[in-house]
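Reviewing the structure listed below.
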Amino acid sequence: MRPGLMPGRNVDRLDVGAGLRRAARIGSDDPRTQTVAEDALLRHARGEDEAPGAPGWRSTPGT
């Protein structure tokens, strides 16, 4: 690991707008899906995405 990095922190810049445009291009353009995608992208950009095994992480949606 490079010096100064912390496990679980995202260091790459994330273009949320580009992610939302990509989602819309592949058919996920309804308002609810765009809101969910935006929330997920923003959480990932802040390094808050859940890692496997972390509290609250689910391997299968709805379980």
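Following the order of the structure tokens, chains are lettered A, B, ..., residues in each are numbered from 1, and ligands are numbered from 1.
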Query - Selection near Val16 in chain A, 12 Å with only C-alpha atoms, sequence-local residues under 4 positions removed, as a VMD selection string - result: chain A and resid 20 to 23 34 to 35 37 to 46
**Report entry** Residues of range 6-48 of chain A in alpha helix (DSSP H), written as a count of residues only
**Finding:** 26
